[in-house]
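*Asks:* Take a look at the following structure, please.
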Amino acid sequence: MKQRVSALLREKLGREVVLEKPRDRSFGHFATPIAFSLAKELRKSPMVIAEELASSFSESAEFSSVESVKGYLNFRLSENFLAEYASWALDNPSAFAKGENNQKILLEFVSANPTGPLHIGHARGAVYGDTLYRLAKHLGYDITAEYYVNDAGNQIDLLGLSIQLYAREHILNESVVYPESYYRGEYLDALSQGAKEHFGIEILSDESRQKELAMWAKDKVMEIVVDTLAQTNIHFDTFVNESGLYKDWDRVMKKMGDNVYEAEGKLFIKSESKGDDHDRVVVRDDGRPTYLAGDIVYHNQKFERGYDHYINIWGADHHGYITRVKAAIDFLGYESEKLEVLLAQMVSLLKDGEPYKMSKRAGNVILMSDIVDEIGSDALRFIFASKKSDTALEFDLAEFKKQDSSNPIFYIQYAHARIQTLLSKATVTKEDISKASLKNLGENADTLLFDALLLPEVVEDAFNSRQVQKLPEYLKSLAASLHKFYYDVRMIGTEDEAKLLKLLLVVALSIKTGLSLMGIEAKDRMEREEV
RNA sequence: GCGCUCGUAGCUCAGCUGGAUAGAGCACUGGUUUGCGGUACCAGCGGUCACACGUUCGAAUCGUGUCGGGCGCACCA
């Protein structure tokens, strides 16, 4: 709709025009303050310009009215236009709100180390990434969801060690002296039991076999990770293992040319010349590559695969890392502007107002799977998608267990279910409904119809701005409009039943489509809580 | 110290490509149809949009500075 209006204005004025939603719906469906910016160049008052523009639109079929108020230009879409659009959407539900972009995008997210289960911090990036992914797909982008598996380096050695430590204490009943850093958590129990069965009990105490143990275990951990993500409707198209990338090492270094140099027996990249604080070590003096080394070969491989655009979602604690990776991409001869890094901020949890502490050292990490068990995948997704990803978030678990309007996911689901209930009570046939006209519905209904048809704009805006919270915000307000409408207007058994139900179908379509873009399935009825 | 980021109602957060009286939910107070699920709806209460200066016809939104919170400043990942 908005595109249509924009296009008309562009045609008329020969320039892009800012369109906004008026705060007060009585002003119309769309508005633009264009007259203010024209005032200077035309040397006329904004009021006069707006008047002139308004009258020039009087012939358009798309608008029922175009008015100028205090210099603003307010557009009201015609019933015909809205009705036709809505009918089209109902006839082509799977095409509703879709777009026609064909850019190839590589979206990398989660990429948690395969050394333990996902915790609550990973969940935020996971939900954010998957929501972006769904939006992009819907808009027609050729997008690939990728998980980078850091299965090389210290953390993997540490995994082998940690399993042995755990097994020695709990399976072999030895007394163990713990080093400064190692992993802990319940999952080690399953891993050590599994290792015992797979390799035999000797591997649990043979230090020379730690690597072998770790390489086996990291695949098991990835199974846990993939499983947790699947619980939340998150799936990846591709997984790239860091360990498989080093065969290209020499070739990649050659590509970097003289942006790599040796000093003190180590290999550096000249990242300082690209705005970094100082040059970074890529290979240590003992020959072991650093974390950055892995990212260099990985990003080289990404760019060799040839996408139009790259998006990485990283935890906010990695933001200092962006410059380095971009520097490396430049050195490799690619355009680092094609890489967009989005940061997901920290999450802190409350339960009934009390902080829910997460401490790695004590091993009582809050697992993503625990939260899913506690409040369900839908609520988890909704919470994380509802907040701007780049601000720290605090939320209370208890709020999302409530079964009433204070719980937004419940509220939206209830709106959808309410519509289904009404449809099941209809005294008219499906055919009556689909043939019904959406005209002459009255003002309340027109407003609701317009709100429901806004989804395409919201989807596009949410993706383009990378602000996925716009979608849940929209769904909340659409649900509110629906509940209010339900309260104000009696539908079943009235003269207008067919057309009103058709209107509700449009609302349901929007809600259902919107929820599915958030990885949430719309419900047709709410289960009453047993009291 | 340097860099990034955030500071909007008692709480959790929207709004930020500058635009018409600053929004929602929670909490608190009070209401609601002799009707489709009251698992809902309405109203009230509550704000110097951290502060200052600047740009502009117009600033919560842009710029600079100050204060405050978070994160980062590894040859750890």
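Ordering of the structure tokens sets the chain letters (A, B, ...); residue numbers start at 1 within each chain; ligands are numbered from 1 in the order shown.
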Could you name the residues that touch stretch 374-385 of chain A at 9 Å or less, counting only C-alpha atoms (C1' of nucleotides), but leaving out those on the same chain fewer than 4 positions away, as number ranges by chain?

*Replies:* A: 123-125, 127-128, 131, 231-233, 369-370, 389, 393, 395, 397-398, 400-401, 407-410, 467-472, 518-521

*Asks:* Create the file for the chosen residues now, containing N, CA and C atoms and written as an mmCIF file, in the first residue's frame.

*Replies:*
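Result written to selection-v6.cif:
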```
data_model
loop_
_atom_site.group_PDB
_atom_site.id
_atom_site.type_symbol
_atom_site.label_atom_id
_atom_site.label_comp_id
_atom_site.auth_asym_id
_atom_site.auth_seq_id
_atom_site.Cartn_x
_atom_site.Cartn_y
_atom_site.Cartn_z
ATOM 1 N N ALA A 123 20.845 -17.543 23.097
ATOM 2 C CA ALA A 123 19.459 -17.606 22.644
ATOM 3 C C ALA A 123 19.041 -16.305 21.970
ATOM 4 N N ARG A 124 19.519 -15.210 22.506
ATOM 5 C CA ARG A 124 19.106 -13.934 21.939
ATOM 6 C C ARG A 124 19.611 -13.782 20.504
ATOM 7 N N GLY A 125 20.883 -14.054 20.296
ATOM 8 C CA GLY A 125 21.432 -13.979 18.953
ATOM 9 C C GLY A 125 20.749 -14.976 18.023
ATOM 10 N N VAL A 127 17.647 -16.169 18.197
ATOM 11 C CA VAL A 127 16.299 -15.730 17.839
ATOM 12 C C VAL A 127 16.367 -14.532 16.879
ATOM 13 N N TYR A 128 17.241 -13.626 17.192
ATOM 14 C CA TYR A 128 17.383 -12.445 16.344
ATOM 15 C C TYR A 128 17.772 -12.867 14.926
ATOM 16 N N THR A 131 14.958 -14.753 13.092
ATOM 17 C CA THR A 131 13.864 -13.872 12.698
ATOM 18 C C THR A 131 14.257 -13.065 11.458
ATOM 19 N N GLN A 231 14.308 -27.086 18.881
ATOM 20 C CA GLN A 231 13.186 -26.886 19.825
ATOM 21 C C GLN A 231 12.568 -25.511 19.664
ATOM 22 N N THR A 232 13.350 -24.595 19.167
ATOM 23 C CA THR A 232 12.911 -23.213 19.035
ATOM 24 C C THR A 232 12.667 -22.865 17.568
ATOM 25 N N ASN A 233 12.528 -23.895 16.754
ATOM 26 C CA ASN A 233 12.286 -23.692 15.311
ATOM 27 C C ASN A 233 13.409 -22.944 14.604
ATOM 28 N N SER A 369 17.946 -24.358 26.825
ATOM 29 C CA SER A 369 16.932 -25.415 26.888
ATOM 30 C C SER A 369 16.113 -25.345 28.171
ATOM 31 N N ASP A 370 16.744 -24.855 29.268
ATOM 32 C CA ASP A 370 15.981 -24.712 30.510
ATOM 33 C C ASP A 370 14.888 -23.664 30.365
ATOM 34 N N SER A 389 17.865 -5.432 19.518
ATOM 35 C CA SER A 389 18.913 -6.396 19.844
ATOM 36 C C SER A 389 20.139 -5.729 20.425
ATOM 37 N N LEU A 393 19.089 -6.248 27.897
ATOM 38 C CA LEU A 393 17.701 -6.594 28.188
ATOM 39 C C LEU A 393 17.598 -7.310 29.526
ATOM 40 N N PHE A 395 14.600 -9.312 31.754
ATOM 41 C CA PHE A 395 13.191 -9.677 31.774
ATOM 42 C C PHE A 395 12.896 -10.709 32.847
ATOM 43 N N LEU A 397 10.981 -13.990 34.029
ATOM 44 C CA LEU A 397 10.383 -15.220 33.516
ATOM 45 C C LEU A 397 8.913 -15.341 33.877
ATOM 46 N N ALA A 398 8.585 -14.897 35.073
ATOM 47 C CA ALA A 398 7.226 -15.088 35.559
ATOM 48 C C ALA A 398 6.202 -14.416 34.651
ATOM 49 N N PHE A 400 6.050 -14.185 31.569
ATOM 50 C CA PHE A 400 5.715 -14.887 30.332
ATOM 51 C C PHE A 400 5.062 -16.234 30.566
ATOM 52 N N LYS A 401 4.755 -16.470 31.814
ATOM 53 C CA LYS A 401 4.014 -17.702 32.111
ATOM 54 C C LYS A 401 2.544 -17.391 32.342
ATOM 55 N N ASN A 407 0.595 -10.851 29.135
ATOM 56 C CA ASN A 407 1.588 -11.644 28.423
ATOM 57 C C ASN A 407 1.345 -11.461 26.928
ATOM 58 N N PRO A 408 2.181 -10.685 26.266
ATOM 59 C CA PRO A 408 1.897 -10.305 24.881
ATOM 60 C C PRO A 408 1.713 -11.484 23.920
ATOM 61 N N ILE A 409 2.491 -12.514 24.113
ATOM 62 C CA ILE A 409 2.350 -13.637 23.189
ATOM 63 C C ILE A 409 0.991 -14.295 23.369
ATOM 64 N N PHE A 410 0.575 -14.371 24.606
ATOM 65 C CA PHE A 410 -0.752 -14.924 24.878
ATOM 66 C C PHE A 410 -1.846 -14.039 24.272
ATOM 67 N N GLN A 467 15.565 -4.126 12.519
ATOM 68 C CA GLN A 467 14.914 -3.910 13.806
ATOM 69 C C GLN A 467 13.722 -4.844 13.871
ATOM 70 N N VAL A 468 14.013 -6.097 14.199
ATOM 71 C CA VAL A 468 12.938 -7.080 14.135
ATOM 72 C C VAL A 468 11.821 -6.808 15.137
ATOM 73 N N GLN A 469 12.098 -6.000 16.162
ATOM 74 C CA GLN A 469 11.052 -5.772 17.168
ATOM 75 C C GLN A 469 9.844 -5.049 16.596
ATOM 76 N N LYS A 470 10.002 -4.473 15.400
ATOM 77 C CA LYS A 470 8.855 -3.789 14.802
ATOM 78 C C LYS A 470 7.721 -4.755 14.496
ATOM 79 N N LEU A 471 8.065 -5.982 14.215
ATOM 80 C CA LEU A 471 7.029 -6.967 13.909
ATOM 81 C C LEU A 471 6.181 -7.318 15.139
ATOM 82 N N PRO A 472 6.796 -7.746 16.248
ATOM 83 C CA PRO A 472 5.973 -7.987 17.434
ATOM 84 C C PRO A 472 5.220 -6.752 17.921
ATOM 85 N N MET A 518 8.019 -14.990 12.934
ATOM 86 C CA MET A 518 8.761 -15.003 14.192
ATOM 87 C C MET A 518 9.014 -16.433 14.646
ATOM 88 N N GLY A 519 8.658 -17.389 13.801
ATOM 89 C CA GLY A 519 8.869 -18.789 14.163
ATOM 90 C C GLY A 519 7.859 -19.294 15.180
ATOM 91 N N ILE A 520 6.698 -18.660 15.178
ATOM 92 C CA ILE A 520 5.656 -19.031 16.139
ATOM 93 C C ILE A 520 4.409 -19.435 15.371
ATOM 94 N N GLU A 521 3.811 -20.527 15.793
ATOM 95 C CA GLU A 521 2.623 -20.983 15.085
ATOM 96 C C GLU A 521 1.370 -20.395 15.719
#
```

*Asks:* Near chain A, which residues of chain B fall within 12 Å when you count only C-alpha atoms (C1' of nucleotides), and what do they look like as a CSV table (one decimal) with N, CA, C and O atoms (P, O5', C5', C4', C3', O3' and C1' of nucleotides), in the first residue's frame?

*Replies:*
```
chain,number,residue,atom,x,y,z
B,2,C,P,40.3,9.8,27.3
B,2,C,O5',40.4,8.6,26.2
B,2,C,C5',41.4,8.7,25.2
B,2,C,C4',41.4,7.5,24.3
B,2,C,C3',40.0,7.1,23.7
B,2,C,O3',39.7,7.9,22.6
B,2,C,C1',41.0,5.2,24.7
B,3,G,P,38.1,8.2,22.3
B,3,G,O5',37.6,6.8,21.8
B,3,G,C5',38.1,6.2,20.6
B,3,G,C4',37.5,4.9,20.4
B,3,G,C3',36.0,4.8,20.4
B,3,G,O3',35.4,5.2,19.2
B,3,G,C1',36.9,3.1,21.7
B,4,C,P,33.9,5.8,19.2
B,4,C,O5',33.0,4.6,19.5
B,4,C,C5',32.9,3.5,18.5
B,4,C,C4',32.1,2.4,19.0
B,4,C,C3',30.7,2.7,19.6
B,4,C,O3',29.8,2.8,18.5
B,4,C,C1',31.8,1.3,21.1
B,5,U,P,28.5,3.8,18.7
B,5,U,O5',27.7,3.1,19.8
B,5,U,C5',27.0,1.9,19.6
B,5,U,C4',26.5,1.4,20.9
B,5,U,C3',25.5,2.3,21.6
B,5,U,O3',24.2,2.1,21.0
B,5,U,C1',27.0,1.6,23.2
B,6,C,P,23.2,3.4,20.9
B,6,C,O5',22.6,3.4,22.4
B,6,C,C5',21.6,2.4,22.8
B,6,C,C4',21.6,2.4,24.3
B,6,C,C3',21.0,3.7,25.0
B,6,C,O3',19.6,3.7,24.9
B,6,C,C1',22.9,3.0,26.1
B,7,G,P,18.8,5.1,25.0
B,7,G,O5',18.9,5.5,26.5
B,7,G,C5',18.3,4.7,27.6
B,7,G,C4',18.6,5.4,28.9
B,7,G,C3',17.9,6.7,29.1
B,7,G,O3',17.1,6.8,30.2
B,7,G,C1',20.3,6.9,29.4
B,11,C,P,12.0,3.3,37.7
B,11,C,O5',11.4,1.9,37.6
B,11,C,C5',11.8,0.8,38.4
B,11,C,C4',11.3,-0.5,37.9
B,11,C,C3',11.7,-0.8,36.4
B,11,C,O3',12.9,-1.4,36.4
B,11,C,C1',9.3,-1.1,36.7
B,12,U,P,13.8,-1.3,35.0
B,12,U,O5',12.9,-2.2,34.0
B,12,U,C5',12.9,-3.6,34.1
B,12,U,C4',12.2,-4.1,32.9
B,12,U,C3',12.6,-3.6,31.6
B,12,U,O3',13.8,-4.3,31.1
B,12,U,C1',10.3,-3.5,31.7
B,13,C,P,14.7,-3.6,30.0
B,13,C,O5',13.7,-3.5,28.8
B,13,C,C5',13.8,-2.5,27.9
B,13,C,C4',12.5,-2.5,27.0
B,13,C,C3',12.5,-1.6,25.8
B,13,C,O3',13.1,-2.2,24.8
B,13,C,C1',10.5,-1.3,27.0
B,14,A,P,13.6,-1.4,23.5
B,14,A,O5',12.3,-1.2,22.7
B,14,A,C5',11.9,0.1,22.3
B,14,A,C4',10.6,-0.1,21.6
B,14,A,C3',10.4,1.0,20.5
B,14,A,O3',10.9,0.5,19.3
B,14,A,C1',8.6,1.1,22.0
B,15,G,P,11.9,1.4,18.4
B,15,G,O5',11.1,2.8,18.3
B,15,G,C5',9.9,2.8,17.5
B,15,G,C4',9.2,4.1,17.6
B,15,G,C3',10.1,5.3,17.2
B,15,G,O3',9.9,5.6,15.8
B,15,G,C1',9.1,5.7,19.3
B,17,U,P,14.8,8.2,12.1
B,17,U,O5',15.6,9.4,11.5
B,17,U,C5',16.9,9.3,11.1
B,17,U,C4',17.1,9.4,9.7
B,17,U,C3',16.2,10.4,9.0
B,17,U,O3',16.7,11.7,9.2
B,17,U,C1',16.1,8.4,7.7
B,18,G,P,15.8,13.0,9.5
B,18,G,O5',15.5,12.9,11.0
B,18,G,C5',14.5,12.4,11.7
B,18,G,C4',13.7,13.4,12.4
B,18,G,C3',12.5,13.9,11.6
B,18,G,O3',11.3,13.2,11.8
B,18,G,C1',13.9,15.7,12.6
B,19,G,P,10.4,13.1,13.0
B,19,G,O5',9.8,14.4,13.5
B,19,G,C5',8.5,14.4,14.1
B,19,G,C4',7.8,15.7,13.7
B,19,G,C3',6.4,15.5,13.2
B,19,G,O3',5.5,16.0,14.1
B,19,G,C1',7.6,17.1,11.9
B,20,A,P,5.1,15.3,15.4
B,20,A,O5',3.8,16.1,15.8
B,20,A,C5',3.9,17.5,16.0
B,20,A,C4',2.6,18.2,15.8
B,20,A,C3',1.4,17.4,16.4
B,20,A,O3',1.1,17.7,17.7
B,20,A,C1',1.0,17.9,14.1
B,21,U,P,1.2,19.2,18.3
B,21,U,O5',1.4,18.6,19.7
B,21,U,C5',1.7,19.0,20.9
B,21,U,C4',0.8,18.3,21.9
B,21,U,C3',1.3,16.9,22.3
B,21,U,O3',1.9,17.0,23.5
B,21,U,C1',-1.1,17.0,21.8
B,22,A,P,3.1,15.9,23.8
B,22,A,O5',2.6,14.5,23.3
B,22,A,C5',3.1,13.9,22.2
B,22,A,C4',3.9,12.7,22.6
B,22,A,C3',3.2,11.7,23.5
B,22,A,O3',2.6,10.7,22.6
B,22,A,C1',5.5,12.0,24.0
B,23,G,P,1.1,10.6,22.8
B,23,G,O5',0.8,9.1,22.7
B,23,G,C5',0.9,8.3,23.8
B,23,G,C4',1.4,6.9,23.4
B,23,G,C3',1.2,5.8,24.4
B,23,G,O3',-0.1,5.3,24.3
B,23,G,C1',3.4,5.7,23.5
B,24,A,P,-0.7,4.7,25.6
B,24,A,O5',-0.1,3.2,25.6
B,24,A,C5',-0.4,2.4,24.5
B,24,A,C4',0.3,1.1,24.6
B,24,A,C3',0.2,0.4,25.9
B,24,A,O3',-1.0,-0.4,26.0
B,24,A,C1',2.5,0.4,25.3
B,25,G,P,-1.7,-0.6,27.4
B,25,G,O5',-0.8,-1.7,28.0
B,25,G,C5',-0.7,-3.0,27.5
B,25,G,C4',0.4,-3.8,28.2
B,25,G,C3',0.3,-3.8,29.7
B,25,G,O3',-0.6,-4.8,30.2
B,25,G,C1',2.5,-3.3,29.0
B,26,C,P,-1.4,-4.6,31.5
B,26,C,O5',-0.2,-4.7,32.6
B,26,C,C5',0.5,-5.9,32.7
B,26,C,C4',1.7,-5.8,33.7
B,26,C,C3',1.3,-5.2,35.1
B,26,C,O3',0.8,-6.3,35.9
B,26,C,C1',3.1,-4.1,34.3
B,27,A,P,-0.4,-6.0,36.9
B,27,A,O5',0.2,-4.9,37.9
B,27,A,C5',1.3,-5.3,38.8
B,27,A,C4',1.7,-4.0,39.6
B,27,A,C3',0.6,-3.3,40.2
B,27,A,O3',0.2,-3.8,41.4
B,27,A,C1',2.0,-1.8,39.0
B,32,U,P,-19.8,-0.7,36.6
B,32,U,O5',-19.6,-1.1,35.1
B,32,U,C5',-19.9,-0.1,34.1
B,32,U,C4',-19.6,-0.8,32.8
B,32,U,C3',-20.2,-2.2,32.6
B,32,U,O3',-21.6,-2.1,32.3
B,32,U,C1',-18.0,-2.1,31.7
B,33,U,P,-22.4,-3.4,32.5
B,33,U,O5',-22.9,-3.5,31.0
B,33,U,C5',-23.7,-2.6,30.4
B,33,U,C4',-24.0,-3.0,29.0
B,33,U,C3',-24.7,-4.4,28.9
B,33,U,O3',-25.8,-4.3,28.1
B,33,U,C1',-22.8,-4.2,27.5
B,35,G,P,-26.9,-9.9,27.3
B,35,G,O5',-25.6,-10.8,27.3
B,35,G,C5',-25.7,-12.0,26.6
B,35,G,C4',-25.3,-11.9,25.2
B,35,G,C3',-23.8,-11.9,24.9
B,35,G,O3',-23.4,-13.3,24.9
B,35,G,C1',-24.9,-10.3,23.5
B,36,C,P,-21.9,-13.5,25.1
B,36,C,O5',-21.4,-13.7,23.6
B,36,C,C5',-22.1,-14.7,22.8
B,36,C,C4',-21.4,-14.9,21.5
B,36,C,C3',-19.9,-15.3,21.6
B,36,C,O3',-19.7,-16.6,21.9
B,36,C,C1',-20.4,-13.8,19.7
B,37,G,P,-18.2,-17.2,22.0
B,37,G,O5',-17.5,-16.5,23.2
B,37,G,C5',-18.1,-16.3,24.5
B,37,G,C4',-16.9,-16.3,25.5
B,37,G,C3',-16.1,-15.0,25.3
B,37,G,O3',-16.0,-14.4,26.6
B,37,G,C1',-14.7,-17.0,25.2
B,38,G,P,-16.2,-12.9,26.9
B,38,G,O5',-15.3,-12.7,28.2
B,38,G,C5',-13.9,-12.8,28.2
B,38,G,C4',-13.5,-12.3,29.6
B,38,G,C3',-14.1,-13.1,30.7
B,38,G,O3',-13.2,-13.5,31.7
B,38,G,C1',-14.7,-10.8,30.9
B,39,U,P,-12.2,-14.7,31.5
B,39,U,O5',-10.9,-14.0,30.8
B,39,U,C5',-9.8,-13.5,31.5
B,39,U,C4',-8.6,-13.7,30.6
B,39,U,C3',-8.8,-13.1,29.3
B,39,U,O3',-7.8,-12.2,28.9
B,39,U,C1',-8.3,-15.4,29.1
B,40,A,P,-7.3,-11.0,29.0
B,40,A,O5',-8.2,-10.1,28.1
B,40,A,C5',-8.3,-10.4,26.7
B,40,A,C4',-9.5,-9.7,26.2
B,40,A,C3',-9.6,-8.2,26.4
B,40,A,O3',-8.8,-7.5,25.4
B,40,A,C1',-11.6,-9.2,27.1
B,41,C,P,-8.2,-6.2,25.7
B,41,C,O5',-9.5,-5.2,25.8
B,41,C,C5',-10.3,-4.9,24.7
B,41,C,C4',-11.4,-4.1,25.1
B,41,C,C3',-11.0,-2.7,25.8
B,41,C,O3',-10.7,-1.8,24.8
B,41,C,C1',-12.7,-3.8,27.1
B,42,C,P,-9.7,-0.6,25.2
B,42,C,O5',-10.5,0.3,26.2
B,42,C,C5',-11.7,1.0,25.7
B,42,C,C4',-12.3,1.8,26.7
B,42,C,C3',-11.4,2.7,27.5
B,42,C,O3',-11.2,3.9,26.8
B,42,C,C1',-12.7,1.5,29.0
B,56,U,P,20.7,27.5,11.7
B,56,U,O5',19.3,26.7,11.5
B,56,U,C5',19.1,25.9,10.4
B,56,U,C4',17.8,25.2,10.5
B,56,U,C3',16.6,26.1,10.8
B,56,U,O3',16.1,26.7,9.6
B,56,U,C1',16.6,24.2,12.2
B,57,C,P,15.5,28.2,9.7
B,57,C,O5',14.1,28.0,10.4
B,57,C,C5',13.4,29.1,10.9
B,57,C,C4',12.0,28.7,11.4
B,57,C,C3',12.0,27.5,12.3
B,57,C,O3',12.2,27.9,13.6
B,57,C,C1',10.5,27.1,10.6
B,58,G,P,13.2,27.1,14.6
B,58,G,O5',12.4,25.7,14.8
B,58,G,C5',11.3,25.7,15.6
B,58,G,C4',10.6,24.4,15.5
B,58,G,C3',11.5,23.2,16.0
B,58,G,O3',11.5,23.1,17.4
B,58,G,C1',10.5,22.7,13.9
B,69,G,P,28.5,5.0,37.1
B,69,G,O5',27.6,4.0,36.2
B,69,G,C5',26.6,3.3,36.7
B,69,G,C4',25.9,2.5,35.7
B,69,G,C3',26.7,1.5,34.9
B,69,G,O3',26.9,0.3,35.7
B,69,G,C1',25.3,2.7,33.4
B,70,G,P,28.2,-0.6,35.4
B,70,G,O5',27.9,-1.2,33.9
B,70,G,C5',26.9,-2.2,33.8
B,70,G,C4',26.7,-2.6,32.3
B,70,G,C3',28.0,-3.1,31.7
B,70,G,O3',28.2,-4.5,32.0
B,70,G,C1',27.1,-1.6,30.2
B,71,C,P,29.7,-5.0,32.2
B,71,C,O5',30.2,-5.0,30.6
B,71,C,C5',29.6,-5.9,29.7
B,71,C,C4',30.1,-5.6,28.3
B,71,C,C3',31.6,-5.7,28.1
B,71,C,O3',32.1,-7.0,28.0
B,71,C,C1',30.8,-3.7,27.1
B,72,G,P,33.6,-7.3,28.5
B,72,G,O5',34.5,-6.6,27.4
B,72,G,C5',34.4,-7.2,26.1
B,72,G,C4',35.1,-6.2,25.1
B,72,G,C3',36.6,-6.0,25.4
B,72,G,O3',37.4,-7.0,24.9
B,72,G,C1',35.5,-3.9,24.9
B,73,C,P,38.8,-7.2,25.6
B,73,C,O5',39.6,-5.9,25.2
B,73,C,C5',40.4,-5.9,24.0
B,73,C,C4',41.0,-4.5,23.9
B,73,C,C3',42.2,-4.2,24.8
B,73,C,O3',43.4,-4.7,24.2
B,73,C,C1',40.7,-2.4,24.8
B,74,A,P,44.3,-5.7,25.1
B,74,A,O5',44.8,-6.4,23.8
B,74,A,C5',44.2,-7.5,23.3
B,74,A,C4',45.2,-8.6,23.4
B,74,A,C3',44.9,-9.7,22.4
B,74,A,O3',45.8,-10.0,21.5
B,74,A,C1',44.9,-10.5,24.7
B,75,C,P,47.2,-9.9,21.7
B,75,C,O5',47.2,-11.5,21.7
B,75,C,C5',46.8,-12.2,20.5
B,75,C,C4',47.4,-13.6,20.7
B,75,C,C3',47.3,-14.0,22.1
B,75,C,O3',46.5,-15.1,22.2
B,75,C,C1',49.6,-14.0,21.4
B,76,C,P,46.3,-16.4,22.4
B,76,C,O5',44.9,-16.5,23.2
B,76,C,C5',44.8,-16.3,24.6
B,76,C,C4',43.5,-16.9,24.9
B,76,C,C3',42.6,-17.2,23.7
B,76,C,O3',43.0,-18.4,23.1
B,76,C,C1',41.3,-16.2,25.4
B,77,A,P,42.5,-18.9,21.8
B,77,A,O5',41.0,-19.3,22.3
B,77,A,C5',40.1,-20.1,21.6
B,77,A,C4',38.7,-19.8,22.0
B,77,A,C3',37.8,-19.5,20.9
B,77,A,O3',37.2,-20.7,20.3
B,77,A,C1',37.7,-17.8,22.5
```

*Asks:* With distances taken over only C-alpha atoms (C1' of nucleotides), which residue among B:C28, B:A50, B:A59, B:C45 lies nearest B:U8?

*Replies:* B:A50

*Asks:* For stretch 234-240 of chain A, please output as a list in words all residues within 8 Å (counting only C-alpha atoms (C1' of nucleotides); exclusion window: fewer than 3 positions along the same chain).

*Replies:*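 Listing them by chain and then by number gives Ala126, Val127, Asp130, Thr144, Ala145, Glu146, Tyr147, Tyr148, Val149, Val226, Leu229, Ala230, Gln231, Gly244 and Gly519 of chain A.
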
*Asks:* Can you write just those residues out, C-alpha atoms, as a CSV table (one decimal), in the first residue's frame?

*Replies:*
```
chain,number,residue,atom,x,y,z
A,126,ALA,CA,19.8,-17.2,17.8
A,127,VAL,CA,16.3,-15.7,17.8
A,130,ASP,CA,16.5,-16.6,12.7
A,144,THR,CA,21.7,-18.8,3.7
A,145,ALA,CA,21.8,-19.4,7.4
A,146,GLU,CA,25.3,-20.5,8.5
A,147,TYR,CA,26.8,-21.7,11.7
A,148,TYR,CA,30.6,-21.4,12.1
A,149,VAL,CA,31.9,-24.2,14.3
A,226,VAL,CA,21.3,-28.4,17.0
A,229,LEU,CA,17.9,-24.8,18.3
A,230,ALA,CA,15.4,-27.1,16.7
A,231,GLN,CA,13.2,-26.9,19.8
A,244,GLY,CA,38.6,-27.9,7.8
A,519,GLY,CA,8.9,-18.8,14.2
```

*Asks:* From a DSSP calculation on the backbone, collect every residue of stretch 327-467 of chain A in alpha helix (DSSP H) and output the set as a ChimeraX atom specification.

*Replies:* /A:327-331,368-375,377-386,408-424,430-435,443-452,455-464

*Asks:* What are the DSSP strand (DSSP E or B) residues of stretch 75-323 of chain A, as a PyMOL selection string?

*Replies:* chain A and resi 75-77+104-108+119+142-149+238-241+260-263+266-269+280-283+289+309-315

*Asks:* Using only C-alpha atoms (C1' of nucleotides), which protein or nucleic acid residues come within 12 Å of A:Glu272? Drop anything in the same chain fewer than 5 positions from it, and give the result as a list of chain:residue names.

*Replies:* A:Asn259, A:Val260, A:Asp277, A:His278, A:Asp279, A:Arg280, A:Val281, A:Thr323, A:Arg324, A:Val325, A:Lys326, A:Ala327, A:Ala328

*Asks:* So that I can check the surroundings of A:Ile511, please list as a compact mmCIF listing (two decimals) with N, CA and C atoms, in the first residue's frame every protein, DNA and RNA residue that reaches within 10 Å of it, counting only C-alpha atoms (C1' of nucleotides) and ignoring chain neighbours fewer than 6 positions away.

*Replies:*
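File produced: part19.txt:
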```txt
# COMPACT_ATOMS: atom_id res chain seq x y z
N ILE A 412 -1.74 -12.03 21.74
CA ILE A 412 -1.82 -12.12 20.28
C ILE A 412 -2.43 -13.45 19.85
N GLN A 413 -1.98 -14.51 20.50
CA GLN A 413 -2.54 -15.83 20.19
C GLN A 413 -4.05 -15.84 20.44
N ALA A 415 -6.08 -13.38 20.23
CA ALA A 415 -6.77 -12.65 19.16
C ALA A 415 -7.02 -13.57 17.98
N HIS A 416 -6.00 -14.33 17.63
CA HIS A 416 -6.15 -15.25 16.51
C HIS A 416 -7.18 -16.33 16.82
N ALA A 452 -4.70 -4.24 9.51
CA ALA A 452 -4.34 -5.60 9.12
C ALA A 452 -3.52 -5.62 7.84
N LEU A 455 0.80 -5.12 7.38
CA LEU A 455 1.87 -6.10 7.58
C LEU A 455 3.00 -6.01 6.56
N PRO A 472 6.80 -7.75 16.25
CA PRO A 472 5.97 -7.99 17.43
C PRO A 472 5.22 -6.75 17.92
N TYR A 474 3.97 -4.46 16.09
CA TYR A 474 2.83 -4.35 15.20
C TYR A 474 1.76 -5.38 15.57
N LEU A 475 2.20 -6.60 15.80
CA LEU A 475 1.23 -7.66 16.10
C LEU A 475 0.48 -7.37 17.40
N LYS A 476 1.19 -6.78 18.36
CA LYS A 476 0.51 -6.43 19.61
C LYS A 476 -0.58 -5.40 19.34
N LEU A 478 -2.09 -4.77 16.53
CA LEU A 478 -3.17 -5.35 15.72
C LEU A 478 -4.09 -6.20 16.60
N ALA A 479 -3.49 -6.95 17.51
CA ALA A 479 -4.29 -7.77 18.42
C ALA A 479 -5.18 -6.87 19.28
N LEU A 505 -10.99 -12.43 8.66
CA LEU A 505 -10.07 -13.32 7.96
C LEU A 505 -8.79 -12.59 7.58
N LEU A 517 6.55 -15.56 10.81
CA LEU A 517 7.84 -14.91 10.54
C LEU A 517 8.68 -14.82 11.81
N GLU A 521 3.81 -20.53 15.79
CA GLU A 521 2.62 -20.98 15.08
C GLU A 521 1.37 -20.40 15.72
N ALA A 522 0.50 -19.85 14.88
CA ALA A 522 -0.74 -19.27 15.40
C ALA A 522 -1.65 -20.38 15.90
```
